[in-house]
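**Q** Below is structure-v6.txt; it holds compact mmCIF, C-alpha atoms.
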# COMPACT_ATOMS: atom_id res chain seq x y z
CA MET X 1 77.01 44.19 -3.26
CA SER X 2 76.74 40.97 -1.32
CA ALA X 3 73.93 42.42 0.75
CA VAL X 4 71.82 43.15 -2.31
CA ALA X 5 69.60 40.36 -3.62
CA ASP X 6 70.39 39.29 -7.16
CA ILE X 7 66.97 39.52 -8.76
CA TYR X 8 68.40 38.03 -11.93
CA GLY X 9 70.07 35.10 -10.25
CA GLY X 10 69.05 31.48 -10.70
CA ASP X 11 67.70 29.47 -13.59
CA ILE X 12 65.17 31.54 -15.53
CA LEU X 13 63.42 28.30 -16.60
CA SER X 14 62.95 27.07 -13.02
CA GLY X 15 59.60 26.91 -11.19
CA HIS X 16 60.34 30.26 -9.58
CA SER X 17 59.94 32.11 -12.88
CA ARG X 18 57.31 34.81 -12.81
CA MET X 19 56.33 33.63 -16.33
CA ARG X 20 55.07 30.28 -15.05
CA LYS X 21 52.00 29.15 -17.02
CA VAL X 22 48.75 29.05 -15.07
CA PRO X 23 46.62 26.02 -16.04
CA ALA X 24 43.17 26.69 -17.45
CA PRO X 25 40.40 25.95 -14.94
CA GLU X 26 38.38 22.78 -15.40
CA VAL X 27 34.66 23.27 -16.09
CA PRO X 28 32.11 20.40 -16.05
CA ALA X 29 30.60 20.15 -19.54
CA GLU X 30 26.98 20.10 -18.40
CA ARG X 31 24.31 19.79 -21.06
CA GLY X 32 23.26 23.25 -22.25
CA LEU X 33 26.54 24.97 -21.31
CA VAL X 34 27.52 27.45 -24.08
CA VAL X 35 31.22 27.46 -25.02
CA GLU X 36 33.43 28.54 -27.93
CA ASP X 37 36.05 26.36 -29.58
CA ALA X 38 39.20 28.45 -29.31
CA ALA X 39 40.72 27.16 -32.57
CA SER X 40 37.76 27.50 -34.96
CA GLY X 41 35.56 30.06 -33.23
CA PHE X 42 32.54 27.70 -33.40
CA CYS X 43 30.18 28.63 -30.55
CA GLY X 44 27.46 26.32 -29.32
CA ALA X 45 25.78 24.54 -26.44
CA VAL X 46 26.85 21.16 -25.09
CA VAL X 47 24.40 18.53 -26.36
CA GLY X 48 26.31 15.29 -25.85
CA PHE X 49 29.54 13.32 -25.82
CA GLU X 50 31.18 10.62 -27.91
CA ARG X 51 34.13 8.36 -27.21
CA THR X 52 36.32 7.09 -30.07
CA TYR X 53 39.75 5.49 -30.38
CA ASP X 54 41.10 9.07 -30.53
CA GLY X 55 39.66 9.96 -27.14
CA ASP X 56 36.67 11.84 -25.70
CA PHE X 57 34.74 14.40 -27.74
CA VAL X 58 32.05 16.91 -26.87
CA ARG X 59 29.25 17.72 -29.32
CA LEU X 60 28.26 21.37 -29.60
CA GLU X 61 25.14 22.76 -31.30
CA ASP X 62 24.99 26.38 -32.51
CA ALA X 63 21.99 28.68 -32.98
CA ALA X 64 21.41 27.29 -36.49
CA ARG X 65 21.12 23.75 -35.04
CA THR X 66 24.44 22.77 -36.66
CA THR X 67 26.39 20.29 -34.54
CA ARG X 68 30.12 19.56 -34.49
CA LEU X 69 32.43 17.36 -32.46
CA PHE X 70 35.44 18.76 -30.62
CA ALA X 71 38.13 16.91 -28.69
CA LEU X 72 38.19 17.47 -24.95
CA ARG X 73 41.69 18.94 -24.88
CA GLU X 74 43.29 21.13 -22.26
CA ALA X 75 42.45 24.84 -22.58
CA ALA X 76 40.69 24.20 -25.91
CA PHE X 77 37.53 26.21 -25.19
CA LEU X 78 36.48 29.72 -24.21
CA ILE X 79 33.78 30.84 -21.80
CA ASP X 80 33.25 34.60 -21.71
CA GLY X 81 36.63 35.01 -23.41
CA ARG X 82 38.54 32.94 -20.81
CA ARG X 83 40.25 29.68 -21.71
CA VAL X 84 38.90 26.64 -19.91
CA THR X 85 39.34 22.89 -20.00
CA LEU X 86 36.05 21.06 -20.41
CA VAL X 87 35.66 17.79 -18.50
CA ARG X 88 32.91 15.24 -18.73
CA VAL X 89 30.34 15.33 -15.95
CA ARG X 90 30.66 12.26 -13.81
CA ALA X 91 27.50 10.23 -13.40
CA ALA X 92 26.03 10.51 -9.93
CA ALA X 93 26.63 7.48 -7.77
CA LYS X 94 23.62 5.20 -7.79
CA LYS X 95 21.73 5.43 -4.54
CA PRO X 96 21.74 2.08 -2.75
CA ALA X 97 18.37 0.39 -2.67
CA ASP X 98 16.40 0.79 0.53
CA THR X 99 16.64 -2.52 2.39
CA ARG X 100 14.03 -1.64 5.02
CA SER X 101 10.28 -1.86 4.71
CA ALA X 102 7.95 0.85 6.01
CA SER X 103 7.71 -1.05 9.31
CA GLY X 104 11.50 -1.02 9.73
CA SER X 105 11.91 -4.74 9.05
CA THR X 106 14.31 -6.14 6.45
CA LYS X 107 12.68 -5.92 3.04
CA VAL X 108 12.40 -9.24 1.21
CA GLU X 109 12.88 -8.68 -2.52
CA GLY X 110 11.53 -10.87 -5.31
CA VAL X 111 9.27 -12.93 -3.07
CA ARG X 112 5.68 -13.53 -4.09
CA ALA X 113 3.00 -13.08 -1.48
CA ARG X 114 2.61 -16.22 0.59
CA THR X 115 -0.62 -18.18 0.48
CA ALA X 116 -2.85 -16.73 3.17
CA ARG X 117 -2.63 -18.32 6.59
CA ALA X 118 -5.72 -19.46 8.41
CA SER X 119 -4.91 -16.94 11.16
CA ARG X 120 -6.18 -13.38 10.81
CA ILE X 121 -5.69 -9.88 12.18
CA TRP X 122 -8.91 -7.97 12.77
CA VAL X 123 -9.16 -4.22 13.17
CA GLU X 124 -12.13 -2.05 14.01
CA GLY X 125 -12.55 -0.03 10.83
CA VAL X 126 -11.43 0.78 7.31
CA HIS X 127 -9.00 3.49 8.44
CA ASP X 128 -7.29 1.13 10.88
CA ALA X 129 -6.90 -1.46 8.12
CA ALA X 130 -5.51 1.12 5.69
CA LEU X 131 -2.84 2.38 8.11
CA VAL X 132 -1.79 -1.16 9.05
CA GLU X 133 -1.43 -1.99 5.36
CA ARG X 134 0.44 1.27 4.74
CA VAL X 135 3.16 0.42 7.28
CA TRP X 136 3.11 -3.37 7.67
CA GLY X 137 1.79 -4.39 4.24
CA HIS X 138 5.11 -5.79 3.03
CA ASP X 139 5.59 -7.88 6.17
CA LEU X 140 2.04 -9.19 6.09
CA ARG X 141 2.26 -10.27 2.45
CA VAL X 142 5.54 -12.08 3.09
CA GLU X 143 3.97 -13.86 6.08
CA GLY X 144 0.64 -14.51 4.37
CA VAL X 145 -1.44 -12.65 6.98
CA VAL X 146 -4.78 -11.15 5.99
CA VAL X 147 -6.12 -8.03 7.74
CA GLU X 148 -9.90 -7.66 7.97
CA HIS X 149 -12.02 -4.94 9.55
CA LEU X 150 -14.86 -5.68 11.93
CA GLU X 151 -16.99 -2.63 11.09
CA GLY X 152 -17.22 -1.98 14.82
CA LEU X 153 -16.03 -3.80 17.93
CA ASP X 154 -19.61 -4.72 18.84
CA ASN X 155 -19.40 -7.40 16.10
CA LEU X 156 -16.39 -9.14 17.68
CA GLY X 157 -18.29 -11.86 19.59
CA GLU X 158 -20.36 -12.89 16.58
CA ARG X 159 -17.33 -12.90 14.27
CA LEU X 160 -15.33 -15.07 16.66
CA ALA X 161 -18.18 -17.54 16.94
CA ASP X 162 -18.33 -17.84 13.16
CA PHE X 163 -14.55 -18.06 12.73
CA GLY X 164 -13.84 -20.63 15.44
CA PRO X 165 -10.29 -19.81 16.61
CA GLY X 166 -8.02 -22.76 17.45
CA PRO X 167 -4.47 -24.09 17.02
CA GLY X 168 -3.04 -22.74 13.75
CA ARG X 169 -6.13 -20.61 13.39
CA ARG X 170 -5.48 -17.64 15.60
CA VAL X 171 -7.06 -14.21 15.69
CA GLY X 172 -5.27 -11.01 16.64
CA VAL X 173 -7.52 -8.04 17.36
CA LEU X 174 -6.41 -4.39 17.24
CA VAL X 175 -8.63 -2.11 19.32
CA ASP X 176 -8.89 1.67 19.54
CA HIS X 177 -9.14 3.34 22.98
CA LEU X 178 -8.16 0.19 24.88
CA VAL X 179 -7.91 1.59 28.43
CA ASP X 180 -8.99 0.23 31.80
CA GLY X 181 -12.71 0.53 32.43
CA SER X 182 -13.64 1.40 28.86
CA LYS X 183 -16.32 -0.38 26.86
CA GLU X 184 -13.55 -1.71 24.63
CA SER X 185 -11.74 -3.39 27.52
CA LYS X 186 -14.94 -5.10 28.67
CA LEU X 187 -15.67 -6.49 25.19
CA THR X 188 -12.20 -8.00 24.81
CA THR X 189 -11.67 -10.06 27.95
CA SER X 190 -11.68 -13.85 28.39
CA LEU X 191 -11.65 -14.68 24.67
CA GLY X 192 -9.51 -17.81 24.93
CA PRO X 193 -5.85 -18.73 24.27
CA HIS X 194 -6.11 -18.45 20.49
CA VAL X 195 -7.24 -14.83 20.52
CA LEU X 196 -4.95 -11.94 21.39
CA VAL X 197 -6.30 -8.42 21.85
CA THR X 198 -3.94 -5.45 21.76
CA GLY X 199 -4.67 -1.79 21.33
CA HIS X 200 -3.73 1.80 21.86
CA PRO X 201 -5.14 4.47 24.20
CA TYR X 202 -6.24 6.90 21.47
CA ILE X 203 -9.91 7.61 20.79
CA ASP X 204 -9.41 6.97 17.08
CA VAL X 205 -6.55 5.57 14.99
CA TRP X 206 -6.07 9.03 13.47
CA GLU X 207 -4.77 10.16 16.85
CA ALA X 208 -2.13 7.41 16.72
CA VAL X 209 -0.46 9.34 13.89
CA ARG X 210 2.18 11.71 15.25
CA PRO X 211 0.99 15.35 15.11
CA LYS X 212 4.26 16.41 13.47
CA ALA X 213 3.60 14.01 10.58
CA VAL X 214 0.32 15.76 9.72
CA GLY X 215 1.73 19.24 10.28
CA ILE X 216 0.05 20.16 13.56
CA SER X 217 1.39 20.79 17.05
CA ALA X 218 -1.14 18.53 18.80
CA TRP X 219 -4.46 16.79 18.22
CA PRO X 220 -7.34 19.00 19.46
CA LYS X 221 -9.45 17.84 22.41
CA ILE X 222 -13.02 17.10 21.32
CA PRO X 223 -15.77 17.17 23.99
CA ARG X 224 -17.42 13.84 24.77
CA GLY X 225 -20.67 13.27 22.95
CA GLN X 226 -19.43 14.82 19.70
CA ASP X 227 -18.32 12.83 16.68
CA TRP X 228 -14.54 12.84 17.08
CA LYS X 229 -13.53 12.97 13.40
CA THR X 230 -16.06 15.70 12.63
CA GLY X 231 -14.81 17.75 15.57
CA ILE X 232 -11.18 17.29 14.56
CA CYS X 233 -11.82 18.46 11.01
CA ARG X 234 -13.79 21.46 12.28
CA GLU X 235 -11.06 22.51 14.71
CA LEU X 236 -8.27 22.09 12.17
CA GLY X 237 -10.13 23.49 9.17
CA TRP X 238 -9.78 20.23 7.25
CA GLY X 239 -13.26 20.20 5.72
CA SER X 240 -15.18 16.93 5.95
CA PRO X 241 -13.95 13.73 7.64
CA ARG X 242 -13.28 12.35 4.16
CA ASP X 243 -10.96 15.28 3.45
CA GLY X 244 -9.34 14.84 6.86
CA TRP X 245 -8.70 11.15 6.23
CA ARG X 246 -6.92 11.90 2.95
CA ARG X 247 -4.65 14.27 4.84
CA VAL X 248 -3.94 11.77 7.62
CA TYR X 249 -3.35 8.82 5.30
CA SER X 250 -1.00 10.69 2.96
CA SER X 251 1.12 11.85 5.90
CA VAL X 252 2.10 8.28 6.89
CA SER X 253 4.97 6.66 5.03
CA SER X 254 6.64 4.54 7.72
CA PHE X 255 6.43 3.47 11.36
CA ARG X 256 8.24 6.69 12.30
CA ASP X 257 5.02 8.60 11.60
CA LEU X 258 3.07 6.58 14.19
CA GLU X 259 2.94 6.70 17.99
CA ALA X 260 4.73 3.95 19.90
CA PRO X 261 1.59 2.33 21.43
CA LEU X 262 0.15 1.57 17.99
CA ILE X 263 3.48 0.25 16.70
CA GLY X 264 3.88 -2.07 19.66
CA ALA X 265 0.29 -3.29 19.45
CA VAL X 266 0.53 -4.25 15.77
CA GLU X 267 3.95 -5.90 16.17
CA ARG X 268 2.60 -8.11 18.95
CA LEU X 269 -0.32 -9.19 16.78
CA VAL X 270 1.91 -10.04 13.82
CA ASP X 271 4.12 -12.17 16.08
CA PHE X 272 1.09 -13.88 17.61
CA VAL X 273 -0.59 -14.93 14.34
CA THR X 274 2.66 -16.05 12.69
CA GLU X 275 3.96 -18.27 15.47
CA PRO X 276 4.30 -21.89 14.26
I need this file expressed as structure tokens, please.

**A**
Amino acid sequence: MSAVADIYGGDILSGHSRMRKVPAPEVPAERGLVVEDAASGFCGAVVGFERTYDGDFVRLEDAARTTRLFALREAAFLIDGRRVTLVRVRAAAKKPADTRSASGSTKVEGVRARTARASRIWVEGVHDAALVERVWGHDLRVEGVVVEHLEGLDNLGERLADFGPGPGRRVGVLVDHLVDGSKESKLTTSLGPHVLVTGHPYIDVWEAVRPKAVGISAWPKIPRGQDWKTGICRELGWGSPRDGWRRVYSSVSSFRDLEAPLIGAVERLVDFVTEP
């Protein structure tokens, strides 16, 4: 007999008993969840919670819009005939506030825009100004830097003569298609120590937006002599240049959507016009 296991041996009340109670599963009491109170048979949807000195309660509403409170006790409810323990849904952790501006700099909260400096940043056109504002607007308002558009680089000489750059009155100029030998490079040389010209190699500022940001594999090549924006919109099926601009502008939310040459050019200008 010693070789035969005693299936009746041991304490029948110990944890090894095959009659051990299985705890009811916990179910988050999400709003709209339909449950039945096991004691009363009241069936309804979760519509809210209340906390009293007696503990936590869930409010259920039945098909007749009658509501009742029930204590959140263990195994007190039924879902599809199975006992469950309802638990309150924990509030989602609050997402920490974004501390970076669109340009990647530290965002300054609660600071009113500084009174405008005498120094300025000039860009060629409205689209250039809009993209600079889109990405660097926070930084520029904190520093009190105004961005103005020239309505064409051909106006640069006349505008500089009217403005009169000098100490504490600097001008930073952002230029499209600033490459050796171009018309743009010839118009922006020998402008004095209080004027800094930077730029990017792209024909238009649209092209300084990363293709991936606007949902294309690459910017199409447009033959010389054709209007670049019109050709781009025709090749990509974007409609008119106005429609194309809406698409380009809405695709930019931070510096990560721009090509490195444009980012570097603007950062240099901001540093130049804000130096003491």

**Q** Which residue gives the smallest distance to X:Pro165 among X:Leu191, X:Ile79, X:Val58, X:Ala38, with all atoms listed in the file counted?

**A** X:Leu191

**Q** Could you give me, as a list in words, the residues within 9 Å of stretch 68-74 of chain X, counting all atoms listed in the file and dropping anything in the same chain fewer than 6 positions from it?

**A** Pro23, Ala24, Glu26, Asp37, Phe42, Gly44, Phe49, Glu50, Asp54, Gly55, Asp56, Phe57, Val58, Arg59, Leu60, Glu61, Asp62, Val84, Thr85, Leu86, Val87 and Arg88 of chain X

**Q** Please provide as a ChimeraX atom specification all residues within 8 Å of X:Val123, with the sequence filter that same-chain residues fewer than 2 positions apart are discarded (counting only C-alpha atoms).

**A** /X:121,125,128-129,147-150,173-175

**Q** Just how far from atom CA of X:Ile232 is atom CA of X:Ser254, in Å to one decimal?

**A**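 Interatomic distance, atom CA of X:Ser254 to atom CA of X:Ile232: 23.0 Å.
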
**Q** Looking at X:Glu207, X:Glu184, X:Asp227, X:Glu151, which one is nearest to X:Asp257, with distances taken over all atoms listed in the file?

**A**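 When distances to X:Asp257 are compared using all atoms listed in the file, the smallest one comes from X:Glu207.
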
**Q** Output stretch 58-73 of chain X from the block with all heavy atoms, as a PDB file, in the first residue's frame?

**A**
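Wrote selection-v3.pdb, looks like this:
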ATOM      1  N   VAL X  58     -21.036  52.385  -9.006  1.00  0.00           N
ATOM      2  CA  VAL X  58     -21.233  52.571 -10.432  1.00  0.00           C
ATOM      3  C   VAL X  58     -22.710  52.847 -10.668  1.00  0.00           C
ATOM      4  O   VAL X  58     -23.584  52.269 -10.004  1.00  0.00           O
ATOM      5  CB  VAL X  58     -20.777  51.320 -11.231  1.00  0.00           C
ATOM      6  CG1 VAL X  58     -21.581  50.082 -10.845  1.00  0.00           C
ATOM      7  CG2 VAL X  58     -20.887  51.566 -12.735  1.00  0.00           C
ATOM      8  N   ARG X  59     -22.994  53.755 -11.602  1.00  0.00           N
ATOM      9  CA  ARG X  59     -24.394  54.068 -11.930  1.00  0.00           C
ATOM     10  C   ARG X  59     -24.737  53.379 -13.243  1.00  0.00           C
ATOM     11  O   ARG X  59     -24.038  53.556 -14.245  1.00  0.00           O
ATOM     12  CB  ARG X  59     -24.607  55.573 -12.047  1.00  0.00           C
ATOM     13  CG  ARG X  59     -26.072  55.953 -12.302  1.00  0.00           C
ATOM     14  CD  ARG X  59     -26.267  57.465 -12.281  1.00  0.00           C
ATOM     15  NE  ARG X  59     -26.081  58.010 -10.945  1.00  0.00           N
ATOM     16  CZ  ARG X  59     -27.022  58.010 -10.005  1.00  0.00           C
ATOM     17  NH1 ARG X  59     -28.216  57.483 -10.259  1.00  0.00           N
ATOM     18  NH2 ARG X  59     -26.784  58.534  -8.812  1.00  0.00           N
ATOM     19  N   LEU X  60     -25.799  52.596 -13.209  1.00  0.00           N
ATOM     20  CA  LEU X  60     -26.292  51.893 -14.390  1.00  0.00           C
ATOM     21  C   LEU X  60     -27.616  52.487 -14.837  1.00  0.00           C
ATOM     22  O   LEU X  60     -28.422  52.928 -14.018  1.00  0.00           O
ATOM     23  CB  LEU X  60     -26.479  50.403 -14.099  1.00  0.00           C
ATOM     24  CG  LEU X  60     -25.273  49.616 -13.576  1.00  0.00           C
ATOM     25  CD1 LEU X  60     -25.651  48.155 -13.377  1.00  0.00           C
ATOM     26  CD2 LEU X  60     -24.089  49.753 -14.523  1.00  0.00           C
ATOM     27  N   GLU X  61     -27.827  52.507 -16.154  1.00  0.00           N
ATOM     28  CA  GLU X  61     -29.081  53.010 -16.731  1.00  0.00           C
ATOM     29  C   GLU X  61     -29.674  51.935 -17.624  1.00  0.00           C
ATOM     30  O   GLU X  61     -29.010  51.427 -18.535  1.00  0.00           O
ATOM     31  CB  GLU X  61     -28.818  54.282 -17.530  1.00  0.00           C
ATOM     32  CG  GLU X  61     -30.067  54.886 -18.159  1.00  0.00           C
ATOM     33  CD  GLU X  61     -29.752  56.117 -18.978  1.00  0.00           C
ATOM     34  OE1 GLU X  61     -29.354  55.960 -20.156  1.00  0.00           O
ATOM     35  OE2 GLU X  61     -29.865  57.230 -18.434  1.00  0.00           O
ATOM     36  N   ASP X  62     -30.974  51.573 -17.364  1.00  0.00           N
ATOM     37  CA  ASP X  62     -31.591  50.506 -18.154  1.00  0.00           C
ATOM     38  C   ASP X  62     -32.284  51.081 -19.381  1.00  0.00           C
ATOM     39  O   ASP X  62     -32.215  52.300 -19.657  1.00  0.00           O
ATOM     40  CB  ASP X  62     -32.552  49.679 -17.300  1.00  0.00           C
ATOM     41  CG  ASP X  62     -33.765  50.482 -16.813  1.00  0.00           C
ATOM     42  OD1 ASP X  62     -33.930  51.641 -17.256  1.00  0.00           O
ATOM     43  OD2 ASP X  62     -34.533  49.942 -15.999  1.00  0.00           O
ATOM     44  N   ALA X  63     -32.982  50.213 -20.124  1.00  0.00           N
ATOM     45  CA  ALA X  63     -33.613  50.634 -21.376  1.00  0.00           C
ATOM     46  C   ALA X  63     -34.703  51.666 -21.165  1.00  0.00           C
ATOM     47  O   ALA X  63     -35.038  52.435 -22.075  1.00  0.00           O
ATOM     48  CB  ALA X  63     -34.183  49.403 -22.089  1.00  0.00           C
ATOM     49  N   ALA X  64     -35.285  51.702 -19.954  1.00  0.00           N
ATOM     50  CA  ALA X  64     -36.343  52.672 -19.651  1.00  0.00           C
ATOM     51  C   ALA X  64     -35.779  53.980 -19.110  1.00  0.00           C
ATOM     52  O   ALA X  64     -36.534  54.821 -18.626  1.00  0.00           O
ATOM     53  CB  ALA X  64     -37.314  52.071 -18.642  1.00  0.00           C
ATOM     54  N   ARG X  65     -34.481  54.152 -19.170  1.00  0.00           N
ATOM     55  CA  ARG X  65     -33.757  55.338 -18.694  1.00  0.00           C
ATOM     56  C   ARG X  65     -33.805  55.465 -17.167  1.00  0.00           C
ATOM     57  O   ARG X  65     -33.573  56.547 -16.630  1.00  0.00           O
ATOM     58  CB  ARG X  65     -34.306  56.624 -19.337  1.00  0.00           C
ATOM     59  CG  ARG X  65     -34.136  56.693 -20.856  1.00  0.00           C
ATOM     60  CD  ARG X  65     -32.667  56.742 -21.229  1.00  0.00           C
ATOM     61  NE  ARG X  65     -32.431  56.791 -22.640  1.00  0.00           N
ATOM     62  CZ  ARG X  65     -32.327  57.913 -23.354  1.00  0.00           C
ATOM     63  NH1 ARG X  65     -32.448  59.083 -22.740  1.00  0.00           N
ATOM     64  NH2 ARG X  65     -32.087  57.864 -24.638  1.00  0.00           N
ATOM     65  N   THR X  66     -34.090  54.362 -16.479  1.00  0.00           N
ATOM     66  CA  THR X  66     -34.031  54.349 -15.015  1.00  0.00           C
ATOM     67  C   THR X  66     -32.580  54.114 -14.598  1.00  0.00           C
ATOM     68  O   THR X  66     -31.894  53.253 -15.162  1.00  0.00           O
ATOM     69  CB  THR X  66     -34.906  53.226 -14.440  1.00  0.00           C
ATOM     70  OG1 THR X  66     -36.250  53.427 -14.864  1.00  0.00           O
ATOM     71  CG2 THR X  66     -34.853  53.217 -12.910  1.00  0.00           C
ATOM     72  N   THR X  67     -32.097  54.886 -13.648  1.00  0.00           N
ATOM     73  CA  THR X  67     -30.717  54.719 -13.193  1.00  0.00           C
ATOM     74  C   THR X  67     -30.695  54.287 -11.728  1.00  0.00           C
ATOM     75  O   THR X  67     -31.545  54.685 -10.925  1.00  0.00           O
ATOM     76  CB  THR X  67     -29.900  56.016 -13.353  1.00  0.00           C
ATOM     77  OG1 THR X  67     -30.428  57.027 -12.493  1.00  0.00           O
ATOM     78  CG2 THR X  67     -29.920  56.503 -14.794  1.00  0.00           C
ATOM     79  N   ARG X  68     -29.704  53.460 -11.393  1.00  0.00           N
ATOM     80  CA  ARG X  68     -29.502  53.008 -10.018  1.00  0.00           C
ATOM     81  C   ARG X  68     -28.012  52.898  -9.728  1.00  0.00           C
ATOM     82  O   ARG X  68     -27.204  52.679 -10.642  1.00  0.00           O
ATOM     83  CB  ARG X  68     -30.186  51.652  -9.788  1.00  0.00           C
ATOM     84  CG  ARG X  68     -31.693  51.718  -9.761  1.00  0.00           C
ATOM     85  CD  ARG X  68     -32.307  50.339  -9.601  1.00  0.00           C
ATOM     86  NE  ARG X  68     -31.845  49.671  -8.364  1.00  0.00           N
ATOM     87  CZ  ARG X  68     -32.214  48.442  -8.010  1.00  0.00           C
ATOM     88  NH1 ARG X  68     -33.047  47.741  -8.805  1.00  0.00           N
ATOM     89  NH2 ARG X  68     -31.766  47.898  -6.893  1.00  0.00           N
ATOM     90  N   LEU X  69     -27.683  53.061  -8.457  1.00  0.00           N
ATOM     91  CA  LEU X  69     -26.295  52.952  -8.017  1.00  0.00           C
ATOM     92  C   LEU X  69     -26.047  51.565  -7.427  1.00  0.00           C
ATOM     93  O   LEU X  69     -26.883  51.035  -6.680  1.00  0.00           O
ATOM     94  CB  LEU X  69     -25.969  54.008  -6.964  1.00  0.00           C
ATOM     95  CG  LEU X  69     -25.722  55.440  -7.444  1.00  0.00           C
ATOM     96  CD1 LEU X  69     -25.543  56.353  -6.242  1.00  0.00           C
ATOM     97  CD2 LEU X  69     -24.498  55.510  -8.355  1.00  0.00           C
ATOM     98  N   PHE X  70     -24.859  51.018  -7.742  1.00  0.00           N
ATOM     99  CA  PHE X  70     -24.474  49.719  -7.217  1.00  0.00           C
ATOM    100  C   PHE X  70     -23.022  49.794  -6.751  1.00  0.00           C
ATOM    101  O   PHE X  70     -22.170  50.384  -7.426  1.00  0.00           O
ATOM    102  CB  PHE X  70     -24.624  48.624  -8.271  1.00  0.00           C
ATOM    103  CG  PHE X  70     -26.040  48.436  -8.741  1.00  0.00           C
ATOM    104  CD1 PHE X  70     -26.510  49.129  -9.852  1.00  0.00           C
ATOM    105  CD2 PHE X  70     -26.897  47.579  -8.063  1.00  0.00           C
ATOM    106  CE1 PHE X  70     -27.811  48.963 -10.277  1.00  0.00           C
ATOM    107  CE2 PHE X  70     -28.208  47.407  -8.495  1.00  0.00           C
ATOM    108  CZ  PHE X  70     -28.670  48.106  -9.604  1.00  0.00           C
ATOM    109  N   ALA X  71     -22.763  49.183  -5.611  1.00  0.00           N
ATOM    110  CA  ALA X  71     -21.404  49.181  -5.065  1.00  0.00           C
ATOM    111  C   ALA X  71     -20.492  48.341  -5.950  1.00  0.00           C
ATOM    112  O   ALA X  71     -20.892  47.299  -6.474  1.00  0.00           O
ATOM    113  CB  ALA X  71     -21.410  48.636  -3.648  1.00  0.00           C
ATOM    114  N   LEU X  72     -19.260  48.802  -6.091  1.00  0.00           N
ATOM    115  CA  LEU X  72     -18.270  48.061  -6.875  1.00  0.00           C
ATOM    116  C   LEU X  72     -17.652  46.990  -5.983  1.00  0.00           C
ATOM    117  O   LEU X  72     -16.535  47.128  -5.477  1.00  0.00           O
ATOM    118  CB  LEU X  72     -17.201  49.018  -7.420  1.00  0.00           C
ATOM    119  CG  LEU X  72     -17.641  49.940  -8.552  1.00  0.00           C
ATOM    120  CD1 LEU X  72     -16.549  50.951  -8.871  1.00  0.00           C
ATOM    121  CD2 LEU X  72     -17.988  49.138  -9.793  1.00  0.00           C
ATOM    122  N   ARG X  73     -18.407  45.890  -5.819  1.00  0.00           N
ATOM    123  CA  ARG X  73     -17.940  44.781  -4.986  1.00  0.00           C
ATOM    124  C   ARG X  73     -17.411  43.657  -5.862  1.00  0.00           C
ATOM    125  O   ARG X  73     -17.747  43.549  -7.043  1.00  0.00           O
ATOM    126  CB  ARG X  73     -19.071  44.255  -4.109  1.00  0.00           C
ATOM    127  CG  ARG X  73     -19.630  45.276  -3.115  1.00  0.00           C
ATOM    128  CD  ARG X  73     -20.574  44.590  -2.136  1.00  0.00           C
ATOM    129  NE  ARG X  73     -21.613  43.843  -2.829  1.00  0.00           N
ATOM    130  CZ  ARG X  73     -22.781  44.340  -3.212  1.00  0.00           C
ATOM    131  NH1 ARG X  73     -23.051  45.627  -2.963  1.00  0.00           N
ATOM    132  NH2 ARG X  73     -23.670  43.582  -3.825  1.00  0.00           N
TER     133      ARG X  73
END
